[in-house]
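Trainee: Below is the file data_30.csv, which contains CSV, C-alpha atoms and all ligand atoms.
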chain,number,residue,atom,x,y,z
C,855,MET,CA,-21.7,5.7,11.7
C,856,ILE,CA,-19.6,6.5,14.7
C,857,SER,CA,-16.0,6.8,13.7
C,858,GLY,CA,-12.8,8.3,15.1
C,859,GLY,CA,-10.1,8.6,16.1
C,860,GLU,CA,-11.1,5.7,18.2
C,861,PRO,CA,-14.7,5.8,19.6
C,862,LEU,CA,-14.1,3.1,22.2
C,863,LEU,CA,-11.7,5.4,24.0
C,864,ARG,CA,-14.7,7.5,25.2
C,865,GLU,CA,-15.9,6.4,28.6
C,866,ASP,CA,-19.4,7.7,27.7
C,867,ILE,CA,-19.6,5.8,24.4
C,868,THR,CA,-22.5,3.6,25.6
C,869,ASP,CA,-24.5,6.7,26.7
C,870,MET,CA,-23.8,8.4,23.3
C,871,LEU,CA,-25.1,5.3,21.4
C,872,LYS,CA,-28.2,5.3,23.5
C,873,ILE,CA,-29.0,8.9,22.6
C,874,ILE,CA,-28.5,8.0,18.9
C,875,ARG,CA,-30.7,5.0,19.2
C,876,ASP,CA,-33.4,7.0,21.0
C,877,LEU,CA,-33.5,9.3,18.0
C,878,GLY,CA,-34.5,6.3,15.9
C,879,LEU,CA,-31.2,5.9,14.1
C,880,GLU,CA,-29.1,2.8,13.6
C,881,VAL,CA,-25.5,2.7,14.7
C,882,ALA,CA,-22.5,1.4,12.8
C,883,LEU,CA,-19.5,1.6,15.1
C,884,ASN,CA,-16.1,2.0,13.4
C,885,THR,CA,-13.3,0.8,15.6
C,886,ASN,CA,-9.7,-0.3,15.5
C,887,GLY,CA,-10.9,-3.2,17.6
C,888,ILE,CA,-8.2,-3.0,20.2
C,889,LEU,CA,-10.7,-2.3,23.0
C,890,LEU,CA,-13.5,-4.5,21.8
C,891,GLY,CA,-12.6,-7.3,24.3
C,892,GLN,CA,-13.2,-4.9,27.2
C,893,GLN,CA,-16.7,-3.9,26.2
C,894,LYS,CA,-20.0,-5.3,27.6
C,895,GLN,CA,-23.0,-6.7,25.8
C,896,GLN,CA,-25.0,-3.5,26.5
C,897,LEU,CA,-22.8,-1.6,24.1
C,898,PHE,CA,-22.9,-4.2,21.4
C,899,SER,CA,-26.7,-4.5,21.6
C,900,LEU,CA,-26.9,-0.8,20.7
C,901,CYS,CA,-25.1,-1.4,17.4
C,902,SER,CA,-26.4,-2.6,14.1
C,903,THR,CA,-22.9,-3.2,12.7
C,904,ILE,CA,-19.4,-3.1,14.0
C,905,VAL,CA,-16.7,-2.2,11.5
C,906,VAL,CA,-13.2,-3.3,12.5
C,907,SER,CA,-10.2,-1.8,10.8
C,908,MET,CA,-8.1,-4.7,9.5
C,909,ASP,CA,-5.2,-3.9,7.1
C,910,ALA,CA,-3.1,-7.1,7.6
C,911,ALA,CA,-3.6,-10.6,8.7
C,912,ASP,CA,-0.1,-11.3,10.0
C,913,ASP,CA,1.5,-9.8,13.1
C,914,SER,CA,4.6,-8.1,11.6
C,915,LEU,CA,2.7,-6.4,8.8
C,916,TYR,CA,-0.1,-5.3,11.1
C,917,LYS,CA,2.5,-3.7,13.4
C,918,LYS,CA,4.2,-2.0,10.5
C,919,ILE,CA,1.0,-0.5,9.3
C,920,ARG,CA,-0.7,0.3,12.6
C,921,GLY,CA,2.3,1.0,14.8
C,922,CYS,CA,1.4,-1.5,17.5
C,923,GLY,CA,1.4,-5.3,17.6
C,924,ALA,CA,-2.3,-5.7,18.4
C,925,LEU,CA,-3.5,-8.2,15.8
C,926,GLY,CA,-4.1,-11.0,18.3
C,927,ARG,CA,-5.9,-8.6,20.7
C,928,VAL,CA,-8.2,-7.4,17.9
C,929,ILE,CA,-9.0,-11.0,16.8
C,930,GLU,CA,-9.8,-11.9,20.5
C,931,GLY,CA,-12.0,-8.8,20.6
C,932,VAL,CA,-13.9,-9.9,17.5
C,933,LYS,CA,-14.4,-13.4,19.1
C,934,HIS,CA,-15.6,-11.7,22.3
C,935,VAL,CA,-18.3,-9.8,20.4
C,936,GLN,CA,-19.3,-13.0,18.6
C,937,SER,CA,-19.6,-14.9,21.8
C,938,LEU,CA,-21.8,-12.2,23.5
C,939,LEU,CA,-24.0,-11.4,20.5
C,940,PRO,CA,-23.7,-13.9,17.7
C,941,SER,CA,-26.2,-12.2,15.5
C,942,LEU,CA,-24.4,-8.8,15.5
C,943,GLU,CA,-22.9,-8.1,12.1
C,944,ILE,CA,-19.2,-7.5,12.1
C,945,GLN,CA,-17.3,-6.2,9.0
C,946,PHE,CA,-13.7,-5.6,8.3
C,947,ARG,CA,-12.4,-2.4,6.7
C,948,CYS,CA,-9.1,-2.7,4.9
C,949,THR,CA,-7.2,0.4,3.9
C,950,ILE,CA,-5.0,-0.4,0.9
C,951,SER,CA,-1.6,1.2,0.7
C,952,ARG,CA,1.9,0.3,-0.6
C,953,TYR,CA,2.3,-1.8,2.6
C,954,ASN,CA,-0.5,-4.3,1.9
C,955,LEU,CA,-1.2,-4.0,-1.9
C,956,PHE,CA,0.1,-7.5,-2.4
C,957,ASN,CA,-1.2,-8.9,0.9
C,958,PHE,CA,-4.8,-7.7,1.4
C,959,SER,CA,-6.2,-11.0,0.1
C,960,GLU,CA,-5.0,-12.5,3.4
C,961,VAL,CA,-7.4,-10.2,5.2
C,962,ILE,CA,-10.2,-11.7,3.1
C,963,ASN,CA,-9.2,-15.2,4.1
C,964,LEU,CA,-9.0,-14.1,7.8
C,965,ALA,CA,-12.5,-12.7,7.5
C,966,LYS,CA,-13.8,-16.0,6.1
C,967,THR,CA,-12.1,-18.0,8.9
C,968,LEU,CA,-13.6,-15.7,11.6
C,969,GLY,CA,-17.1,-15.7,10.0
C,970,ILE,CA,-17.0,-12.0,9.4
C,971,ALA,CA,-20.0,-10.6,7.4
C,972,GLY,CA,-17.8,-8.9,4.8
C,973,VAL,CA,-14.7,-6.9,3.9
C,974,GLY,CA,-14.9,-3.3,2.7
C,975,PHE,CA,-11.9,-1.4,1.3
C,976,SER,CA,-10.6,2.2,1.3
C,977,PRO,CA,-7.7,3.5,-0.8
C,978,ILE,CA,-5.1,5.2,1.3
C,979,ASP,CA,-5.6,8.9,1.7
C,980,TYR,CA,-2.2,10.5,2.5
C,981,ASP,CA,-2.5,14.0,1.1
C,982,SER,CA,-5.8,15.5,2.4
C,983,ASN,CA,-5.7,17.7,5.5
C,984,SER,CA,-8.7,15.9,7.1
C,985,PHE,CA,-8.7,13.7,10.2
C,986,GLY,CA,-6.6,16.3,12.1
C,987,ARG,CA,-3.6,15.3,10.1
C,988,ASP,CA,-0.5,17.5,9.9
C,989,SER,CA,1.5,18.3,6.8
C,990,ARG,CA,4.2,15.7,7.4
C,991,PHE,CA,1.9,13.1,5.9
C,992,GLN,CA,1.5,15.1,2.8
C,993,SER,CA,5.2,15.3,2.1
C,994,SER,CA,7.0,13.3,-0.6
C,995,VAL,CA,8.2,11.0,2.2
C,996,GLY,CA,4.6,10.2,3.0
C,997,ARG,CA,4.0,9.5,-0.7
C,998,GLU,CA,7.0,7.1,-1.0
C,999,ARG,CA,5.9,5.2,2.1
C,1000,LEU,CA,2.2,4.9,1.3
C,1001,ILE,CA,1.8,5.0,-2.4
C,1002,PRO,CA,3.1,2.1,-4.5
C,1003,SER,CA,5.5,2.8,-7.4
C,1004,SER,CA,4.3,2.6,-11.0
C,1005,GLU,CA,6.2,-0.7,-11.4
C,1006,GLU,CA,4.3,-2.1,-8.3
C,1007,ILE,CA,1.0,-0.9,-9.7
C,1008,GLU,CA,1.7,-2.5,-13.0
C,1009,ARG,CA,2.6,-5.8,-11.2
C,1010,PHE,CA,-0.7,-5.5,-9.3
C,1011,ASN,CA,-2.7,-5.0,-12.5
C,1012,LYS,CA,-1.1,-8.1,-14.0
C,1013,LEU,CA,-2.3,-10.0,-10.8
C,1014,LEU,CA,-5.8,-8.6,-11.3
C,1015,ASP,CA,-5.7,-10.1,-14.8
C,1016,GLY,CA,-4.9,-13.5,-13.4
C,1017,GLU,CA,-5.2,-15.5,-10.2
C,1018,LEU,CA,-5.8,-12.6,-7.8
C,1019,GLY,CA,-8.6,-11.3,-10.1
C,1020,GLU,CA,-10.3,-14.6,-10.1
C,1021,PHE,CA,-10.0,-14.8,-6.3
C,1022,LEU,CA,-11.5,-11.3,-5.9
C,1023,GLU,CA,-14.3,-12.0,-8.3
C,1024,LYS,CA,-15.2,-15.2,-6.5
C,1025,ALA,CA,-15.2,-13.3,-3.1
C,1026,TYR,CA,-17.3,-10.6,-4.6
C,1027,ASN,CA,-19.9,-13.0,-6.0
C,1028,GLU,CA,-20.0,-14.8,-2.6
C,1029,LYS,CA,-20.6,-11.3,-1.0
C,1030,VAL,CA,-17.5,-11.6,1.1
C,1031,ILE,CA,-16.1,-8.3,-0.2
C,1032,SER,CA,-17.8,-5.1,-1.2
C,1033,TRP,CA,-15.7,-4.2,-4.3
C,1034,SER,CA,-16.0,-5.8,-7.7
C,1035,LEU,CA,-13.0,-6.1,-10.0
C,1036,VAL,CA,-13.9,-2.7,-11.5
C,1037,ARG,CA,-13.3,-1.0,-8.1
C,1038,PHE,CA,-9.9,-2.7,-7.8
C,1039,ARG,CA,-9.0,-1.4,-11.3
C,1040,GLN,CA,-10.1,2.1,-10.2
C,1041,LEU,CA,-7.9,1.7,-7.2
C,1042,SER,CA,-4.9,1.1,-9.5
C,1043,THR,CA,-5.8,4.2,-11.5
C,1044,TYR,CA,-6.1,6.3,-8.3
C,1045,LEU,CA,-2.8,5.0,-6.9
C,1046,LEU,CA,-1.0,5.6,-10.2
C,1047,ALA,CA,-2.3,9.2,-10.4
C,1048,LYS,CA,-1.1,9.7,-6.8
C,1049,PHE,CA,2.3,8.2,-7.6
C,1050,GLU,CA,2.6,10.6,-10.6
C,1051,GLY,CA,1.4,13.6,-8.6
C,1052,ARG,CA,-1.8,14.0,-10.6
C,1053,ASN,CA,-5.0,15.0,-8.9
C,1054,GLN,CA,-7.5,13.8,-11.5
C,1055,GLY,CA,-8.5,11.0,-13.8
C,1056,PHE,CA,-9.9,8.5,-11.3
C,1057,SER,CA,-13.5,8.6,-12.3
C,1058,ASP,CA,-16.0,10.9,-14.0
C,1059,GLU,CA,-18.9,9.7,-11.8
C,1060,PRO,CA,-20.1,11.8,-9.0
C,1061,CYS,CA,-19.2,10.7,-5.4
C,1062,PHE,CA,-22.1,9.3,-3.5
C,1063,PHE,CA,-21.0,10.6,-0.1
C,1064,PRO,CA,-22.8,14.0,0.1
C,1065,HIS,CA,-26.0,12.4,-1.2
C,1066,THR,CA,-26.2,9.7,1.4
C,1067,ALA,CA,-24.5,11.1,4.5
C,1068,THR,CA,-23.9,14.1,6.7
C,1069,LEU,CA,-20.8,14.3,8.8
C,1070,VAL,CA,-20.6,15.8,12.3
C,1071,ASP,CA,-16.9,16.1,13.3
C,1072,TYR,CA,-15.4,15.9,16.8
C,1073,GLY,CA,-15.7,19.7,17.2
C,1074,GLY,CA,-19.5,19.7,16.4
C,1075,GLU,CA,-19.0,21.1,12.9
C,1076,VAL,CA,-21.4,19.8,10.2
C,1077,LYS,CA,-19.9,18.9,6.8
C,1078,HIS,CA,-21.1,17.4,3.5
C,1079,CYS,CA,-18.2,14.8,3.7
C,1080,PHE,CA,-15.0,14.1,5.5
C,1081,TYR,CA,-13.0,16.6,3.3
C,1082,SER,CA,-15.4,19.5,2.8
C,1083,SER,CA,-15.6,22.6,4.9
C,1084,SER,CA,-18.0,23.1,7.7
C,1085,TYR,CA,-21.3,24.8,6.8
C,1086,ALA,CA,-23.1,24.8,10.2
C,1087,ARG,CA,-22.7,23.9,13.8
C,1088,VAL,CA,-24.5,20.8,15.0
C,1089,GLU,CA,-26.6,22.8,17.5
C,1090,SER,CA,-28.0,25.2,14.9
C,1091,VAL,CA,-28.1,23.2,11.6
C,1092,SER,CA,-31.6,23.4,10.0
C,1093,PRO,CA,-33.5,20.4,8.6
C,1094,GLU,CA,-33.5,22.2,5.2
C,1095,GLU,CA,-29.7,22.5,5.2
C,1096,LEU,CA,-29.4,18.8,6.1
C,1097,VAL,CA,-31.4,17.7,3.0
C,1098,SER,CA,-30.3,20.3,0.6
C,1099,SER,CA,-30.1,18.9,-3.0
C,1100,ASP,CA,-27.1,21.2,-3.6
C,1101,ARG,CA,-24.7,19.2,-1.5
C,1102,ILE,CA,-22.4,17.8,-4.2
C,1103,SER,CA,-22.1,21.0,-6.0
C,1104,CYS,CA,-21.1,22.7,-2.7
C,1105,VAL,CA,-18.2,20.3,-2.3
C,1106,ARG,CA,-17.2,20.6,-6.0
C,1107,THR,CA,-17.2,24.3,-5.8
C,1108,GLU,CA,-14.6,24.0,-3.1
C,1109,GLY,CA,-12.4,21.9,-5.4
C,1110,LYS,CA,-12.0,19.2,-2.8
C,1111,CYS,CA,-13.2,16.4,-5.1
C,1112,ARG,CA,-10.2,16.7,-7.4
C,1113,GLY,CA,-7.8,14.0,-6.3
C,1114,CYS,CA,-10.1,12.7,-3.5
C,1115,ARG,CA,-10.3,9.0,-2.8
C,1116,GLY,CA,-14.1,9.3,-2.6
C,1117,GLN,CA,-14.1,9.1,-6.3
C,1118,VAL,CA,-12.9,5.6,-6.2
C,1119,PHE,CA,-16.0,4.6,-4.2
C,1120,THR,CA,-18.5,5.8,-6.8
Y,1,LIG,S1,-15.1,13.1,-3.9
Y,1,LIG,FE1,-15.8,15.1,-3.2
Y,1,LIG,S2,-17.7,14.8,-2.2
Y,1,LIG,FE2,-16.7,12.8,-2.3
Y,1,LIG,S3,-15.7,12.5,-0.4
Y,1,LIG,FE3,-14.2,13.5,-1.8
Y,1,LIG,S4,-14.4,15.7,-1.5
Y,1,LIG,FE4,-16.2,14.7,-0.6
Rewrite the structure of this file - the entire thing - as structure tokens.
Ligand code: SF4
Mentor:
Amino acid sequence: MISGGEPLLREDITDMLKIIRDLGLEVALNTNGILLGQQKQQLFSLCSTIVVSMDAADDSLYKKIRGCGALGRVIEGVKHVQSLLPSLEIQFRCTISRYNLFNFSEVINLAKTLGIAGVGFSPIDYDSNSFGRDSRFQSSVGRERLIPSSEEIERFNKLLDGELGEFLEKAYNEKVISWSLVRFRQLSTYLLAKFEGRNQGFSDEPCFFPHTATLVDYGGEVKHCFYSSSYARVESVSPEELVSSDRISCVRTEGKCRGCRGQVFT
């Protein structure tokens, strides 16, 4: 998976993907979708999947969340990919926060309209220091903006018990979305804990990330997951380190799993 920042900002992105493909690896490209319309078929043909961030299906909410009114451009970009390479799998990735807790079902409908292969979800992460984020996002202001209140979460839970729950269950059974209702209930638990300032209680299950992935960040540091510390440089990491069975305990020892949204994905 190639993620960002925004990978399509790199002028050498096609060359990078070629190197990855020559190593025998598949490529899932995560993008905000804004520059998709400017790309050529050669880039798309190197990808197995394109994952487009899509947090809202109407212009004003999209702009509020993403800071730019680019929804139409992203949709045109998706259609551009579909026209050049109809067989390429495109997915949406929707990050759920206070802004779209009551609107994300519209993203599912948009995906259906556009013939998107599926919609995955992420709970908002506002309080980690990953992704080059500075401390302003970890403040109480960030929490108020991004985490729903306990009343809103209670209202959301009631919707999960009713029509919204039925809608999501149907979409899950039709393989349009990746989360079952259980995951949406875990999302509520996560958001409530964040609202109450607790960093625990989301799940007792271990996170799958370190068992299935290795992360190389923009500086060439190798990590067990997005939130753990670097344990090697990419030029010097050994094959033994990459497949170490000790990966999850390394991250746990650091204490990063407490309060991490990764536990919602288990
Ligand atoms: S739960 Fe732990 S292992 Fe999983 S992503 Fe978070 S910090 Fe990493």
Trainee: Produce a table with one row for each residue of chain C that has an atom at most 8 Å from any atom of ligand LIG 1 (chain Y), each row naming the nearest atom pair and its distance in Å at one decimal; use all atoms listed in the file; arrange rows by chain and rising residue number; format as JSON lines.
Mentor:
{"residue": "C:Pro1060", "atom": "CA", "partner": "Y:LIG1", "partner_atom": "S1", "distance": 7.3}
{"residue": "C:Cys1061", "atom": "CA", "partner": "Y:LIG1", "partner_atom": "FE2", "distance": 4.5}
{"residue": "C:Phe1062", "atom": "CA", "partner": "Y:LIG1", "partner_atom": "FE2", "distance": 6.5}
{"residue": "C:Phe1063", "atom": "CA", "partner": "Y:LIG1", "partner_atom": "FE2", "distance": 5.3}
{"residue": "C:Pro1064", "atom": "CA", "partner": "Y:LIG1", "partner_atom": "S2", "distance": 5.7}
{"residue": "C:His1078", "atom": "CA", "partner": "Y:LIG1", "partner_atom": "FE4", "distance": 6.9}
{"residue": "C:Cys1079", "atom": "CA", "partner": "Y:LIG1", "partner_atom": "FE4", "distance": 4.7}
{"residue": "C:Phe1080", "atom": "CA", "partner": "Y:LIG1", "partner_atom": "S3", "distance": 6.2}
{"residue": "C:Tyr1081", "atom": "CA", "partner": "Y:LIG1", "partner_atom": "S4", "distance": 5.1}
{"residue": "C:Ser1082", "atom": "CA", "partner": "Y:LIG1", "partner_atom": "S4", "distance": 5.8}
{"residue": "C:Ile1102", "atom": "CA", "partner": "Y:LIG1", "partner_atom": "S2", "distance": 5.9}
{"residue": "C:Val1105", "atom": "CA", "partner": "Y:LIG1", "partner_atom": "S2", "distance": 5.5}
{"residue": "C:Arg1106", "atom": "CA", "partner": "Y:LIG1", "partner_atom": "FE1", "distance": 6.3}
{"residue": "C:Gly1109", "atom": "CA", "partner": "Y:LIG1", "partner_atom": "S4", "distance": 7.6}
{"residue": "C:Lys1110", "atom": "CA", "partner": "Y:LIG1", "partner_atom": "S4", "distance": 4.4}
{"residue": "C:Cys1111", "atom": "CA", "partner": "Y:LIG1", "partner_atom": "FE1", "distance": 3.5}
{"residue": "C:Arg1112", "atom": "CA", "partner": "Y:LIG1", "partner_atom": "S1", "distance": 7.0}
{"residue": "C:Gly1113", "atom": "CA", "partner": "Y:LIG1", "partner_atom": "S1", "distance": 7.7}
{"residue": "C:Cys1114", "atom": "CA", "partner": "Y:LIG1", "partner_atom": "FE3", "distance": 4.5}
{"residue": "C:Arg1115", "atom": "CA", "partner": "Y:LIG1", "partner_atom": "FE3", "distance": 6.0}
{"residue": "C:Gly1116", "atom": "CA", "partner": "Y:LIG1", "partner_atom": "S1", "distance": 4.1}
{"residue": "C:Gln1117", "atom": "CA", "partner": "Y:LIG1", "partner_atom": "S1", "distance": 4.8}
Trainee: Quick one: pull the distance between CA of Leu968 in chain C and CA of Gln936 in chain C, Å, one decimal.
Mentor: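 CA of Gln936 in chain C lies at a distance of 9.4 Å from CA of Leu968 in chain C.
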Trainee: Excluding same-chain residues fewer than 4 positions from Ala882 in chain C, what lies within 6 Å of it counting all atoms listed in the file, as a ChimeraX atom specification?
Mentor: /C:855,901-904
Trainee: Which residues, written as a compact mmCIF listing (two decimals) with C-alpha atoms, in the coordinates of the input, have at least one atom at most 10 Å from range 962-964 of chain C, with all atoms listed in the file counted and residues fewer than 4 positions away on the same chain left out?
Mentor:
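Below is the file that was written, result05.txt:
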# COMPACT_ATOMS: atom_id res chain seq x y z
CA MET C 908 -8.10 -4.70 9.50
CA ALA C 910 -3.10 -7.10 7.60
CA ALA C 911 -3.60 -10.60 8.70
CA ASP C 912 -0.10 -11.30 10.00
CA ILE C 929 -9.00 -11.00 16.80
CA PHE C 946 -13.70 -5.60 8.30
CA CYS C 948 -9.10 -2.70 4.90
CA ASN C 957 -1.20 -8.90 0.90
CA PHE C 958 -4.80 -7.70 1.40
CA LEU C 968 -13.60 -15.70 11.60
CA GLY C 969 -17.10 -15.70 10.00
CA ILE C 970 -17.00 -12.00 9.40
CA GLY C 972 -17.80 -8.90 4.80
CA VAL C 973 -14.70 -6.90 3.90
CA GLY C 974 -14.90 -3.30 2.70
CA PHE C 1021 -10.00 -14.80 -6.30
CA LEU C 1022 -11.50 -11.30 -5.90
CA ALA C 1025 -15.20 -13.30 -3.10
CA VAL C 1030 -17.50 -11.60 1.10
CA ILE C 1031 -16.10 -8.30 -0.20
Trainee: Using all atoms listed in the file, can you tell me which of C:Glu998, C:Gly859, C:Val1097, C:Asp869 comes closest to Ala1067 in chain C?
Mentor: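 The closest residue to Ala1067 in chain C is C:Val1097.
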Trainee: CA of Ile856 in chain C to CA of Asn884 in chain C: how many Å, to one decimal?
Mentor: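 Computed distance, CA of Ile856 in chain C to CA of Asn884 in chain C, equals 5.8 Å.
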